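**Q** Quick one: the structure is below, and I'll ask about it shortly.
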Amino acid sequence: MKYVEIYQQAILLAVTYISLLLADYAPYFYNNAPNSTNGNMAMLSIPEDTPIGSHLYTLNGTDPEGNSVTYHMTFEPGTKQYFAVEPQTGDVTLVEELDREKEDEIEVLVGISDSVNKVVEKVRILVTDANDECPEFINRPYIINIPEDTPSGTSIFKVQAVDKDNGSGGSVTYFLQNMQKNKFSMDRYSGVLRLKSSVTLDFEKSTTHFVTVKAKDGGGKLRGMHRICSSSTTVTINVLDIQDTPPIFSGTPYFGYVYEDTEPGSEIFTVTAYDGDRGNPNPIHYTIAHGNDGSFDINSTTGAITLLRATKFLQKDIYKLLIQASEVNPDVDVQTFMTAMVTIQVVDLNNHRPTFYGENGPQSQFEITMHEHPLEGEILRGLKITVNDSDQGTNAQFNLRLEGPDGIFRIIPQIVINEAQVTIIVENSTAIDYEIIQLFSFKLLAIESDTPEKFSSTADIIIQLLDTNDNIPKFTSEFYIARIPENSPGGSPVICVTANDADSEMWGDVKYSIYGTGADLFLIHPTTGIIYTQPWAVLDAEVQSRYNFHIKAADVEGKHSLAEVFVTVLDVNDHYPEFSEGILEQVMIIGLPVKVEAKDEDAEEPNNIIDYSIMQADPANVFDIDQATGEIVLKSYIKSLEVIHNITRNKDCQWSLVVLAKDRGSPSFSTTAVVRIDITEETSGKGHMADFLLQSKDNPMKTLGVLAGIVCFFVMLTILISTIMFWRNKKSNRVGPVRRIIKKRPRHRSKTRRSKWFQNKKSGKRNIGFTASEANHHLQDVSTRCNRPPLPLPCAPLLPPQPSILPTSLNQPDWVLPTVSGSLSSKGSHIPQQTKCKMSNINSALVSELKQRFEQKKNEDASKLYL
């Protein structure tokens with residue numbers, strides 16, 4: 001038996017082992033840890049403000065056999081499906097909006113499956129609160145009624161608001177808007193509304209009060225931000241009236257009238273009073289408390305006052321009745337009342353109205369004719385008006401008033417009793433102007449002043465004006481500006497002026513005349529005002545381009561006004577540009593321009609603006625000209641005489657250009673001139689005098705003037721030295737030797753002299769070196785280039801004798817001026833032989849004189865070297 005049991009147990013163990021090997025276990029979820037975001041969603045809480053589409057949780061589980069698992073989620077029938085799960089990953093997403101106030105717990109069936117076994121678990125998900133609700137007032141609307149005698153500080157109402165949120169977001173506090181302007185206060189925690197201390201209500205001042213109550217929660221988070229919610233409501237407080245105000249009369253003061261034809265029993269006047277407590281008024285009872293002698297009575301309910309006697313039995317002209325109005329209240333022993341005074345005047349019957357009378361009886365229209373601008377204070381004597389009222393006393397008193405344009409006429413008298421003569425006086429003479437208005441129409445009103453009927457009458461006053469010559473002709477402008485071309489023929493119209501005279505008929509006729517220093521060339525039509533040029537007038541803008549003169553406009557009596565006319569003569573292009581000569585001769589140094597100039601006698605631009613151009617040149621590619629200035633320059637590639645020699649076979653380097661000068665007028669005029677140009681290289685390296693002589697070739701007078709100035713300088717220097725020596729010898733009574741004893745012979749020093757006429761030494765002394773041959777050479781060159789004889793030089797006094805000792809080291813430098821010379825004479829002109837001889841003699845004399853001066857100066861400088 002023992003072995004059988006062991007065998008059975010072994011078989012059982014084998015079967016069990018084989019079963020375990022062949023079994024398939026169900027998958028399961030992992031257990032949730034606190035604040036875990038994966039598992040089976042147990043113990044999960046979600047804020048209600050979580051946005052739709054947010055990832056909430058990840059379902060997580062496993063299969064014991066290691067098979068892949070899928071997840072699914074279901075909800076109870078009839079409930080919202082707030083979540084969706086991704087089967088493979090287990091990601092849970094919010095698909096419906098949460099609201100804790102509607103559903104704070106959500107039951108979900110979550111499942112896990114390995115495709116064979118499926119496990120489903122039921123979990124509860126908590127929805128946590130967010131501050132998404134605002135306080136809501138309950139039991140609205142709030143309308144309360146309180147009596148006006150409610151004591152100060154009394155609690156009159158309690159409001160209540162509910163916030164569905166939890167925690168601080170659900171706590172509510174209260175307060176009033178415009179707290180300082182209200183008569184009420186509120187407890188912030190209980191919502192009790194009270195009447196403020198030392199504040200009372202008054203139905204007569206305000207019957208209703210509106211109070212705005214605001215409820216605010218304690219705040220909380222919503223979508224990650226702190227939020228405080230609030231709401232408001234209005235409490236309407238009606239004030240109930242109580243009996244605390246006496247009756248009030250309306251329409252005071254009271255006045256009534258009894259006329260002579262009033263019958264007894266007639267109603268004279270009615271007084272009206274009402275209870276001051278309008279919310280709960282009491283009936284009013286009327287009585288006459290004082291001032292009645294039995295002539296009047298009052299209705300106790302309506303307040304109507306009636307006459308009891310005929311007017312002829314009334315003993316007073318004025319009655320003052322004291323009327324008492326009392327409240328009727330059976331619940332109160334002492335009645336409140338108020339009094340008012342009613343004044344009743346007994347008057348005669350006003351049965352006549354004011355009436356206007358003329359010379360022949362009653363009249364309603366009066367007419368007069370007068371000249372304009374009468375004197376102020378003048379009476380309109382042509383009007384004879386009388387006004388009358390047949391009543392007596394105050395019924396016959398009335399006011400006179402003139403209605404129409406204000407401030408022109410004044411009426412006297414203005415207050416009338418019974419009857420008066422009406423006088424109209426001129427008050428504003430300036431306004432009575434025929435040119436402005438020819439007919440005045442007024443209403444003369446007579447209105448009773450102290451009667452209730454205010455009877456009145458009217459009469460028409462018509463004033464026809466006659467014109468006088470009270471205006472002067474006036475030009476439409478103080479000055480006129482006209483323009484006329486200079487080529488306008490005589491008798492051409494210039495401008496039309498206009499003067500207006502506001503007077504009528506013959507007083508308004510205007511005659512024109514013209515005068516002034518500038519009016520000689522013009523005339524004016526006496527009636528039309530058109531200004532013409534004189535038939536013989538010739539206008540020239542170059543001679544005079546502006547004229548001004550005066551014009552006069554006068555009427556038949558000589559009243560006049562003046563205006564000034566400014567006439568501008570417009571320039572016409574009627575002059576040609578003109579060169580100073582038909583053939584112009586110029587010397588051009590390479591690198592420097594020469595200028596030609598033409599003048600246009602026209603007065604204005606663009607007629608006198610000249611443009612220059614080269615019409616003809618051979619060769620054509622040597623010169624350029626500036627269109628505006630007329631400066632002629634060589635082409636930029638010509639830098640030396642060698643370039644010019646390569647361009648042309650003319651070794652003299654002389655060209656004749658045809659230059660065109662054309663103005664910009666319309667039509668345009670032009671003039672040509674032949675320009676002969678000699679070209680030479682710059683000579684600044686050979687000496688200032690050579691440059692000067694060459695540049696002054698076309699102006700020999702300038703050369704002679706400079707030379708004369710040099711000679712005068714040396715003459716004055718010689719006179720000064722001679723004078724000094726004379727006074728020195730005179731003082732010593734002996735004649736000094738001509739020669740000076742050479743105490744020490746200086747060492748021979750070679751000097752290199754520059755080829756300039758004047759040189760400044762480093763020692764500050766001036767050493768002037770210029771040989772006779774150089775001067776002769778220059779003067780000959782100048783004489784050959786100049787067509788006009790030089791001016792004669794003044795004679796100088798005799799010079800002192802030359803010193804016998806001359807420095808041997810001073811050598812005359814050779815001076816050669818490289819130049820290409822050419823004739824500067826005009827085409828076809830020849831200088832007579834006699835003129836040439838005369839010029840040669842003058843030049844020879846000038847050279848001889850200069851030789852003496854320069855030799856003397858050189859000797860003086862040489863003698864100073866040995867001192």
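Convention: chains lettered A, B, ... in structure tokens order; per-chain residue numbering from 1; ligands numbered from 1 as shown.
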Find the residues around Val95 in chain A up to 10 Å (only C-alpha atoms counted), leave out those fewer than 4 positions away in its own chain, and share them as a list in words.
**A** Pro51, Ile52, Gly53, Ser54, His55, Lys80, Gln81, Tyr82, Phe83 and Ala84 of chain A
**Q** Could you pull the residues within 10 Å of range 271-284 of chain A, counting only C-alpha atoms, minus those fewer than 3 positions along the same chain, as a ChimeraX atom specification?
**A** /A:203-204,207,239-255,298-305,323-330,336-342
**Q** Which is closest to Ile411 in chain A among A:Val258, A:Ile379, A:Met716, A:Leu56, if we use only C-alpha atoms?
**A**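 That would be A:Ile379, the residue with the smallest distance to Ile411 in chain A.
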**Q** Show me, as an MDAnalysis selection string, the residues that have an atom within 8 Å of Thr233 in chain A when counting only C-alpha atoms, minus same-chain residues fewer than 4 positions from it.
**A** chainID A and resid 137 212:214
**Q** Okay, now the selection with all heavy atoms, as a CSV table (one decimal), in the first residue's frame?
**A**
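Final output, out12.csv:
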```csv
chain,number,residue,atom,x,y,z
A,137,PHE,N,-26.3,85.2,-6.8
A,137,PHE,CA,-27.2,85.7,-5.8
A,137,PHE,C,-28.5,84.9,-6.0
A,137,PHE,O,-28.9,84.6,-7.1
A,137,PHE,CB,-27.5,87.2,-6.0
A,137,PHE,CG,-26.4,88.1,-5.6
A,137,PHE,CD1,-25.5,88.5,-6.5
A,137,PHE,CD2,-26.3,88.5,-4.3
A,137,PHE,CE1,-24.4,89.3,-6.2
A,137,PHE,CE2,-25.2,89.3,-3.9
A,137,PHE,CZ,-24.3,89.7,-4.8
A,212,THR,N,-26.1,98.9,-5.4
A,212,THR,CA,-25.4,97.8,-6.1
A,212,THR,C,-24.5,97.0,-5.1
A,212,THR,O,-23.6,97.5,-4.5
A,212,THR,CB,-24.6,98.3,-7.3
A,212,THR,OG1,-25.4,99.1,-8.1
A,212,THR,CG2,-23.9,97.2,-8.0
A,213,VAL,N,-24.9,95.7,-5.0
A,213,VAL,CA,-24.1,94.8,-4.1
A,213,VAL,C,-23.2,93.9,-5.0
A,213,VAL,O,-23.7,93.4,-6.0
A,213,VAL,CB,-25.1,94.0,-3.3
A,213,VAL,CG1,-24.3,93.0,-2.3
A,213,VAL,CG2,-26.0,94.9,-2.5
A,214,LYS,N,-22.0,93.8,-4.5
A,214,LYS,CA,-21.1,92.9,-5.3
A,214,LYS,C,-20.6,91.8,-4.4
A,214,LYS,O,-20.2,92.0,-3.2
A,214,LYS,CB,-19.9,93.8,-5.7
A,214,LYS,CG,-19.0,93.0,-6.7
A,214,LYS,CD,-18.0,94.0,-7.3
A,214,LYS,CE,-17.2,93.3,-8.4
A,214,LYS,NZ,-16.2,94.2,-9.1
```
**Q** What's around Tyr319 in chain A at 7 Å? Count only C-alpha atoms, leave out sequence neighbours fewer than 3 positions away in its own chain, and write the answer as number ranges by chain.
**A** A: 291, 316, 343-345
**Q** Could you pull out the residues in range 544-721 of chain A that DSSP calls strand (DSSP E) from the backbone, as a ChimeraX atom specification?
**A** /A:546-554,560-570,578-579,583-589,594-595,598-599,610-616,623-625,631-634,654-663,670-680
**Q** Now that the selection is made, can you save its residues with C-alpha atoms as a CSV table (one decimal), in the first residue's frame?
**A**
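Written file, selection-v1.csv:
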```
chain,number,residue,atom,x,y,z
A,546,ARG,CA,9.1,149.9,-65.3
A,547,TYR,CA,6.6,152.7,-65.1
A,548,ASN,CA,4.3,153.8,-62.3
A,549,PHE,CA,1.8,156.6,-62.2
A,550,HIS,CA,-1.5,157.5,-60.5
A,551,ILE,CA,-5.0,157.4,-61.8
A,552,LYS,CA,-8.0,159.3,-60.4
A,553,ALA,CA,-11.7,158.5,-60.4
A,554,ALA,CA,-14.0,161.5,-59.8
A,560,HIS,CA,-12.5,161.3,-56.0
A,561,SER,CA,-10.1,158.5,-55.0
A,562,LEU,CA,-6.7,157.5,-56.3
A,563,ALA,CA,-4.9,154.4,-57.2
A,564,GLU,CA,-1.4,153.6,-58.4
A,565,VAL,CA,-0.6,151.7,-61.6
A,566,PHE,CA,2.6,149.7,-62.0
A,567,VAL,CA,3.4,148.8,-65.6
A,568,THR,CA,6.2,146.4,-66.5
A,569,VAL,CA,7.6,146.5,-70.0
A,570,LEU,CA,8.2,142.9,-70.9
A,578,GLU,CA,27.7,141.5,-79.9
A,579,PHE,CA,31.4,140.9,-79.6
A,583,ILE,CA,38.3,139.6,-84.9
A,584,LEU,CA,39.6,138.8,-81.4
A,585,GLU,CA,43.2,138.1,-80.8
A,586,GLN,CA,44.2,136.0,-77.7
A,587,VAL,CA,47.4,134.5,-76.3
A,588,MET,CA,47.0,131.1,-74.8
A,589,ILE,CA,49.5,129.5,-72.4
A,594,VAL,CA,41.4,132.3,-72.8
A,595,LYS,CA,38.0,133.9,-72.7
A,598,ALA,CA,29.8,138.9,-76.1
A,599,LYS,CA,27.1,141.1,-74.7
A,610,ILE,CA,24.4,133.8,-74.2
A,611,ASP,CA,25.6,130.3,-75.1
A,612,TYR,CA,29.0,129.9,-76.9
A,613,SER,CA,30.1,127.3,-79.4
A,614,ILE,CA,32.9,126.8,-81.9
A,615,MET,CA,31.5,126.8,-85.4
A,616,GLN,CA,34.7,126.2,-87.3
A,623,PHE,CA,39.9,123.5,-78.8
A,624,ASP,CA,36.9,123.2,-76.5
A,625,ILE,CA,34.7,126.1,-75.4
A,631,GLU,CA,36.4,130.1,-72.0
A,632,ILE,CA,38.4,128.4,-74.7
A,633,VAL,CA,40.7,125.6,-73.6
A,634,LEU,CA,42.9,123.1,-75.3
A,654,GLN,CA,48.3,130.2,-84.5
A,655,TRP,CA,44.7,129.4,-85.1
A,656,SER,CA,41.6,131.3,-86.3
A,657,LEU,CA,38.4,130.0,-84.7
A,658,VAL,CA,34.9,131.0,-85.6
A,659,VAL,CA,33.0,131.3,-82.4
A,660,LEU,CA,29.2,131.5,-82.3
A,661,ALA,CA,27.4,133.5,-79.6
A,662,LYS,CA,23.7,132.6,-79.4
A,663,ASP,CA,21.1,134.0,-77.0
A,670,SER,CA,23.4,134.8,-82.9
A,671,THR,CA,26.6,136.4,-83.9
A,672,THR,CA,30.0,135.1,-84.9
A,673,ALA,CA,33.5,136.3,-84.4
A,674,VAL,CA,36.9,135.2,-85.6
A,675,VAL,CA,39.3,134.5,-82.7
A,676,ARG,CA,43.0,134.3,-83.4
A,677,ILE,CA,44.9,132.4,-80.8
A,678,ASP,CA,48.6,132.2,-80.3
A,679,ILE,CA,49.8,129.3,-78.2
A,680,THR,CA,52.9,129.3,-76.0
```
**Q** Based on the backbone DSSP call, show me all residues of range 492-679 of chain A assigned helix (DSSP H, G or I), as a list in words.
**A**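 Matching residues for helix (DSSP H, G or I) in range 492-679 of chain A are Glu505, Met506, Trp507, Gly508, Thr517, Gly518, Ala519, Leu641, Glu642, Val643, Ile644, His645, Asn646 and Ile647 of chain A.
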**Q** For CA of Ile144 in chain A and CA of Thr208 in chain A, quote the distance in Å rounded to one decimal.
**A** 10.0 Å
**Q** Enter the distance from CA of Pro577 in chain A to CA of Pro485 in chain A, in Å, rounded to one decimal.
**A**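 Answer for the CA of Pro577 in chain A to CA of Pro485 in chain A separation: 20.2 Å.
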**Q** With only C-alpha atoms as the basis for distance, which of A:Gln438, A:Ala215, A:Asp129, A:Thr718 is at the shortest distance from Gly191 in chain A?
**A**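 For Gly191 in chain A, the nearest of the candidates is A:Ala215.
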**Q** Considering only C-alpha atoms, return as JSON, numbers by chain whatever protein or nucleic-acid residues lie within 8 Å of Ile237 in chain A, sequence-local ones (same chain, fewer than 4 positions apart) excluded.
**A** {"A": [143, 144, 145, 146, 208, 209, 210, 211]}
**Q** Need to verify the contact set: Glu486 in chain A, 9 Å, only C-alpha atoms, exclusion of same-chain residues closer than 4 positions in sequence. Can you return it as a list in words?
**A** Val538, Leu539, Asp540, Ala541, Ser545, Val569, Leu570, Asp571 and Val572 of chain A
**Q** Which residues are close to Val119 in chain A, i.e. within 12 Å by only C-alpha atoms, leaving aside same-chain residues fewer than 2 positions away? Reply as a list in words.
**A**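 In the requested format, the answer is Tyr25, Ala26, Pro27, Tyr28, Phe29, Asn40, Gly61, Thr62, Asp63, Val69, Thr70, Tyr71, His72, Met73, Leu109, Val110, Gly111, Ile112, Ser113, Asp114, Ser115, Val116, Asn117, Glu121 and Lys122 of chain A.
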**Q** Could you save those same residues with C-alpha atoms as a PDB file, in the first residue's frame?
**A**
```
ATOM      1  CA  TYR A  25      -2.366  32.695 -17.690  1.00  0.00           C
ATOM      2  CA  ALA A  26      -4.387  35.971 -17.965  1.00  0.00           C
ATOM      3  CA  PRO A  27      -2.585  39.359 -18.219  1.00  0.00           C
ATOM      4  CA  TYR A  28      -2.747  41.829 -15.340  1.00  0.00           C
ATOM      5  CA  PHE A  29      -2.199  45.567 -14.572  1.00  0.00           C
ATOM      6  CA  ASN A  40      -4.769  50.792 -13.935  1.00  0.00           C
ATOM      7  CA  GLY A  61       0.275  45.890 -17.532  1.00  0.00           C
ATOM      8  CA  THR A  62       1.887  42.648 -18.649  1.00  0.00           C
ATOM      9  CA  ASP A  63       1.216  39.015 -19.584  1.00  0.00           C
ATOM     10  CA  VAL A  69      -1.180  43.087 -24.545  1.00  0.00           C
ATOM     11  CA  THR A  70      -3.798  45.650 -25.642  1.00  0.00           C
ATOM     12  CA  TYR A  71      -5.845  48.063 -23.568  1.00  0.00           C
ATOM     13  CA  HIS A  72      -9.413  49.173 -23.774  1.00  0.00           C
ATOM     14  CA  MET A  73     -11.826  51.390 -21.797  1.00  0.00           C
ATOM     15  CA  LEU A 109     -14.026  50.032 -16.850  1.00  0.00           C
ATOM     16  CA  VAL A 110     -10.426  49.508 -17.923  1.00  0.00           C
ATOM     17  CA  GLY A 111      -9.315  46.260 -19.507  1.00  0.00           C
ATOM     18  CA  ILE A 112      -6.154  44.459 -20.587  1.00  0.00           C
ATOM     19  CA  SER A 113      -6.046  41.559 -23.036  1.00  0.00           C
ATOM     20  CA  ASP A 114      -3.396  39.214 -24.469  1.00  0.00           C
ATOM     21  CA  SER A 115      -5.767  38.158 -27.306  1.00  0.00           C
ATOM     22  CA  VAL A 116      -6.755  35.043 -25.322  1.00  0.00           C
ATOM     23  CA  ASN A 117      -7.554  36.268 -21.876  1.00  0.00           C
ATOM     24  CA  GLU A 121     -11.270  46.331 -13.645  1.00  0.00           C
ATOM     25  CA  LYS A 122     -13.647  49.032 -12.461  1.00  0.00           C
TER      26      LYS A 122
END
```
